[in-house]
Amino acid sequence: MLRKKSAITLVTLMTATAAFISGCGNSATTAGSSAAPSNAPVKATADTKKPVEFTFYFTGSQNVKDLWDTLIPMFEKQNADVKVKPVYIPSGTGAQPTYDRILAAKQANKGSGDIDLYEDGLSNVTRGQKDDLWDTLATDKIKNLTSVDEKTIKDISNLAIPYRSSAVVLAYNSEKVATPPKTLDELYDWIKKNPSKFAYNDPSTGGAGNSFVATALYKFLPEEAIHNSDPSVEKGWDQGFTLLKELGKSVYGKGIYPKKNQGTLDLLTSGEVDMIPAWSDMVLEQVAKGQLPKSTKMAQLTPGFNGGPTYLMVPKLSEKKDAVYKFLDFVLSPEAQGVVVDKMHGFPGIKLSNMSKEIQDSFKGASEGFRSFNIGELDKDMTKRWQSEVAAQ
């Protein structure tokens, strides 16, 4: 079973067609019969109500398209009254115009710009909050919303649904690293003792490097700070930046920071480094395709790197919200979330306790230490300061 295979792979690596019914009130009559039929033939008048169609914009790699190409037909098979019109924007072509279209439509009093559901990251959830674009999602309309972690929903003021997630983990060459670090302090010690064998990407170019930097900064702050976007938090970053500058002498090339998440994965593939922070789904997919060596394994730290949910937002001015709610409720069902695990090689968007026992068991040891950061606009200040104080040294 594919789901079992992908879920078990994760642990090993890291420690209805509804049809309308027509009525024809015809009574059989015999040709030439002198008796009039008891009932005159009734013309078929089936209530062929047209399904409500809403438009769904999403972006990402081919695996994201494959996911929705699977889930949308599943939903439509069970819900003949709703039709989903997907609009796929390939990764790299930029999803920003979609957000801008929703905003421009609102400002021009033209509704939601014919966009009824939108998939994107945290930055556009928070930006849309400021621009008052998103509908507030509630359990009376989307019952399965109760299956999502309460803290994650609270972080985004119920303005989006984190329907899937991926964690940043340590990816390492098990032939070179017999026992990977288990804590942040152990990781920093390993980096210093193994110069140029660890790399993380420029935080402004990819989430894995961004997570490594953020985790270092927030190591010295109260745990609740990872859910605080108040600029006053930045005063507590000094120790973290001192640590990152110190580590710069021991990372790959004594301070070379590859571009994008793939940059460090390429270094791990070539053997130039033995350990990197990486997105779990990218590692799993590339190992499965033979792009990373089979010796590649993953581990999570305690406390862990941050995870990265992907969100679904409903434009407040959409006129198809009831149909969208029905779709979102399906997406958050254990059935649909099982497909998310299969296709995305990552964490489900709902709590594991709501998944099948098979999936719960297969994830044992996989989600410990997983944390969700929400620091809003502070992320921009963080990467800017990193560029001047760490990369430029």
# chains A, B, ... in the order shown; residues from 1 in each chain; ligands from 1
call {"tool": "residues_around", "arguments": {"residues": "Trp279 (chain A)", "least_positions_apart": "2", "cutoff": "9 Å", "atoms": "only C-alpha atoms", "output": "JSON, numbers by chain"}}
result
{"A": [166, 167, 168, 169, 170, 171, 207, 208, 261, 277, 281, 282, 283, 284, 307, 308]}
call {"tool": "residues_around", "arguments": {"residues": "Tyr163 (chain A)", "least_positions_apart": "3", "cutoff": "10 Å", "atoms": "only C-alpha atoms", "output": "list in words"}}
result
Glu119, Leu145, Val148, Ala160, Pro309, Thr310, Tyr311, Leu312, Leu328, Val331, Leu332, Ala336, Gln337, Val340, Phe347, Pro348, Gly349 and Ile350 of chain A
call {"tool": "residues_around", "arguments": {"residues": "Lys259 (chain A)", "least_positions_apart": "3", "cutoff": "12 Å", "atoms": "only C-alpha atoms", "output": "ChimeraX atom specification"}}
result
/A:199-210,256,262-267
call {"tool": "closest_residue", "arguments": {"among": "A:Glu223, A:Asp116, A:Glu358, A:Asp66", "to": "Val84 (chain A)", "atoms": "only C-alpha atoms"}}
result
A:Asp116
call {"tool": "residues_around", "arguments": {"residues": "Lys143 (chain A)", "least_positions_apart": "6", "cutoff": "12 Å", "atoms": "only C-alpha atoms", "output": "number ranges by chain"}}
result
A: 137, 325-333
call {"tool": "decode", "arguments": {"residues": "region 259-286 of chain A", "atoms": "N, CA, C and O atoms", "output": "PDB file, in the first residue's frame"}}
result
ATOM      1  N   LYS A 259      22.742  28.592  -2.354  1.00  0.00           N
ATOM      2  CA  LYS A 259      21.441  29.168  -2.650  1.00  0.00           C
ATOM      3  C   LYS A 259      20.382  28.065  -2.709  1.00  0.00           C
ATOM      4  O   LYS A 259      20.637  26.981  -3.220  1.00  0.00           O
ATOM      5  N   LYS A 260      19.260  28.337  -2.145  1.00  0.00           N
ATOM      6  CA  LYS A 260      18.077  27.467  -2.171  1.00  0.00           C
ATOM      7  C   LYS A 260      18.283  26.156  -1.415  1.00  0.00           C
ATOM      8  O   LYS A 260      19.405  25.728  -1.147  1.00  0.00           O
ATOM      9  N   ASN A 261      17.166  25.527  -1.090  1.00  0.00           N
ATOM     10  CA  ASN A 261      17.194  24.251  -0.370  1.00  0.00           C
ATOM     11  C   ASN A 261      17.958  23.188  -1.157  1.00  0.00           C
ATOM     12  O   ASN A 261      18.663  22.361  -0.583  1.00  0.00           O
ATOM     13  N   GLN A 262      17.821  23.230  -2.484  1.00  0.00           N
ATOM     14  CA  GLN A 262      18.472  22.217  -3.303  1.00  0.00           C
ATOM     15  C   GLN A 262      19.985  22.366  -3.287  1.00  0.00           C
ATOM     16  O   GLN A 262      20.714  21.382  -3.471  1.00  0.00           O
ATOM     17  N   GLY A 263      20.461  23.570  -3.043  1.00  0.00           N
ATOM     18  CA  GLY A 263      21.911  23.776  -3.024  1.00  0.00           C
ATOM     19  C   GLY A 263      22.622  22.913  -2.014  1.00  0.00           C
ATOM     20  O   GLY A 263      23.677  22.323  -2.308  1.00  0.00           O
ATOM     21  N   THR A 264      22.090  22.830  -0.805  1.00  0.00           N
ATOM     22  CA  THR A 264      22.732  21.992   0.212  1.00  0.00           C
ATOM     23  C   THR A 264      22.486  20.512  -0.055  1.00  0.00           C
ATOM     24  O   THR A 264      23.352  19.676   0.230  1.00  0.00           O
ATOM     25  N   LEU A 265      21.333  20.177  -0.610  1.00  0.00           N
ATOM     26  CA  LEU A 265      21.070  18.773  -0.958  1.00  0.00           C
ATOM     27  C   LEU A 265      22.073  18.286  -2.003  1.00  0.00           C
ATOM     28  O   LEU A 265      22.531  17.142  -1.955  1.00  0.00           O
ATOM     29  N   ASP A 266      22.439  19.166  -2.916  1.00  0.00           N
ATOM     30  CA  ASP A 266      23.443  18.801  -3.926  1.00  0.00           C
ATOM     31  C   ASP A 266      24.793  18.520  -3.276  1.00  0.00           C
ATOM     32  O   ASP A 266      25.514  17.602  -3.688  1.00  0.00           O
ATOM     33  N   LEU A 267      25.136  19.289  -2.253  1.00  0.00           N
ATOM     34  CA  LEU A 267      26.404  19.065  -1.550  1.00  0.00           C
ATOM     35  C   LEU A 267      26.389  17.739  -0.809  1.00  0.00           C
ATOM     36  O   LEU A 267      27.407  17.034  -0.743  1.00  0.00           O
ATOM     37  N   LEU A 268      25.247  17.384  -0.252  1.00  0.00           N
ATOM     38  CA  LEU A 268      25.124  16.099   0.439  1.00  0.00           C
ATOM     39  C   LEU A 268      25.213  14.953  -0.566  1.00  0.00           C
ATOM     40  O   LEU A 268      25.861  13.931  -0.312  1.00  0.00           O
ATOM     41  N   THR A 269      24.601  15.130  -1.717  1.00  0.00           N
ATOM     42  CA  THR A 269      24.641  14.108  -2.765  1.00  0.00           C
ATOM     43  C   THR A 269      26.063  13.863  -3.259  1.00  0.00           C
ATOM     44  O   THR A 269      26.481  12.720  -3.457  1.00  0.00           O
ATOM     45  N   SER A 270      26.810  14.942  -3.445  1.00  0.00           N
ATOM     46  CA  SER A 270      28.175  14.820  -3.964  1.00  0.00           C
ATOM     47  C   SER A 270      29.166  14.352  -2.911  1.00  0.00           C
ATOM     48  O   SER A 270      30.301  14.008  -3.243  1.00  0.00           O
ATOM     49  N   GLY A 271      28.768  14.366  -1.644  1.00  0.00           N
ATOM     50  CA  GLY A 271      29.670  13.940  -0.587  1.00  0.00           C
ATOM     51  C   GLY A 271      30.563  15.048  -0.061  1.00  0.00           C
ATOM     52  O   GLY A 271      31.436  14.797   0.764  1.00  0.00           O
ATOM     53  N   GLU A 272      30.344  16.259  -0.518  1.00  0.00           N
ATOM     54  CA  GLU A 272      31.164  17.370  -0.027  1.00  0.00           C
ATOM     55  C   GLU A 272      30.859  17.711   1.425  1.00  0.00           C
ATOM     56  O   GLU A 272      31.719  18.226   2.132  1.00  0.00           O
ATOM     57  N   VAL A 273      29.635  17.435   1.848  1.00  0.00           N
ATOM     58  CA  VAL A 273      29.276  17.596   3.254  1.00  0.00           C
ATOM     59  C   VAL A 273      28.585  16.322   3.717  1.00  0.00           C
ATOM     60  O   VAL A 273      28.129  15.508   2.904  1.00  0.00           O
ATOM     61  N   ASP A 274      28.518  16.155   5.032  1.00  0.00           N
ATOM     62  CA  ASP A 274      27.916  14.949   5.594  1.00  0.00           C
ATOM     63  C   ASP A 274      26.578  15.209   6.280  1.00  0.00           C
ATOM     64  O   ASP A 274      25.850  14.261   6.595  1.00  0.00           O
ATOM     65  N   MET A 275      26.255  16.473   6.498  1.00  0.00           N
ATOM     66  CA  MET A 275      25.022  16.780   7.221  1.00  0.00           C
ATOM     67  C   MET A 275      24.497  18.157   6.838  1.00  0.00           C
ATOM     68  O   MET A 275      25.285  19.087   6.650  1.00  0.00           O
ATOM     69  N   ILE A 276      23.164  18.279   6.727  1.00  0.00           N
ATOM     70  CA  ILE A 276      22.529  19.548   6.374  1.00  0.00           C
ATOM     71  C   ILE A 276      21.132  19.612   7.012  1.00  0.00           C
ATOM     72  O   ILE A 276      20.549  18.577   7.335  1.00  0.00           O
ATOM     73  N   PRO A 277      20.582  20.802   7.181  1.00  0.00           N
ATOM     74  CA  PRO A 277      19.155  20.907   7.496  1.00  0.00           C
ATOM     75  C   PRO A 277      18.406  20.850   6.174  1.00  0.00           C
ATOM     76  O   PRO A 277      18.833  21.455   5.179  1.00  0.00           O
ATOM     77  N   ALA A 278      17.308  20.094   6.106  1.00  0.00           N
ATOM     78  CA  ALA A 278      16.579  19.928   4.846  1.00  0.00           C
ATOM     79  C   ALA A 278      15.105  19.651   5.118  1.00  0.00           C
ATOM     80  O   ALA A 278      14.730  19.188   6.197  1.00  0.00           O
ATOM     81  N   TRP A 279      14.275  19.925   4.135  1.00  0.00           N
ATOM     82  CA  TRP A 279      12.857  19.591   4.239  1.00  0.00           C
ATOM     83  C   TRP A 279      12.692  18.090   4.114  1.00  0.00           C
ATOM     84  O   TRP A 279      13.231  17.465   3.199  1.00  0.00           O
ATOM     85  N   SER A 280      11.934  17.502   5.033  1.00  0.00           N
ATOM     86  CA  SER A 280      11.765  16.050   5.044  1.00  0.00           C
ATOM     87  C   SER A 280      11.163  15.526   3.748  1.00  0.00           C
ATOM     88  O   SER A 280      11.583  14.472   3.242  1.00  0.00           O
ATOM     89  N   ASP A 281      10.195  16.242   3.165  1.00  0.00           N
ATOM     90  CA  ASP A 281       9.568  15.740   1.948  1.00  0.00           C
ATOM     91  C   ASP A 281      10.530  15.743   0.768  1.00  0.00           C
ATOM     92  O   ASP A 281      10.508  14.841  -0.073  1.00  0.00           O
ATOM     93  N   MET A 282      11.427  16.750   0.711  1.00  0.00           N
ATOM     94  CA  MET A 282      12.406  16.798  -0.367  1.00  0.00           C
ATOM     95  C   MET A 282      13.387  15.637  -0.253  1.00  0.00           C
ATOM     96  O   MET A 282      13.752  15.001  -1.255  1.00  0.00           O
ATOM     97  N   VAL A 283      13.788  15.341   0.966  1.00  0.00           N
ATOM     98  CA  VAL A 283      14.726  14.233   1.174  1.00  0.00           C
ATOM     99  C   VAL A 283      14.080  12.914   0.771  1.00  0.00           C
ATOM    100  O   VAL A 283      14.664  12.114   0.020  1.00  0.00           O
ATOM    101  N   LEU A 284      12.872  12.672   1.252  1.00  0.00           N
ATOM    102  CA  LEU A 284      12.182  11.421   0.945  1.00  0.00           C
ATOM    103  C   LEU A 284      11.963  11.231  -0.551  1.00  0.00           C
ATOM    104  O   LEU A 284      12.197  10.151  -1.095  1.00  0.00           O
ATOM    105  N   GLU A 285      11.532  12.301  -1.207  1.00  0.00           N
ATOM    106  CA  GLU A 285      11.267  12.213  -2.643  1.00  0.00           C
ATOM    107  C   GLU A 285      12.546  11.935  -3.428  1.00  0.00           C
ATOM    108  O   GLU A 285      12.568  11.094  -4.326  1.00  0.00           O
ATOM    109  N   GLN A 286      13.632  12.605  -3.059  1.00  0.00           N
ATOM    110  CA  GLN A 286      14.873  12.441  -3.805  1.00  0.00           C
ATOM    111  C   GLN A 286      15.561  11.113  -3.506  1.00  0.00           C
ATOM    112  O   GLN A 286      16.225  10.555  -4.380  1.00  0.00           O
TER     113      GLN A 286
END
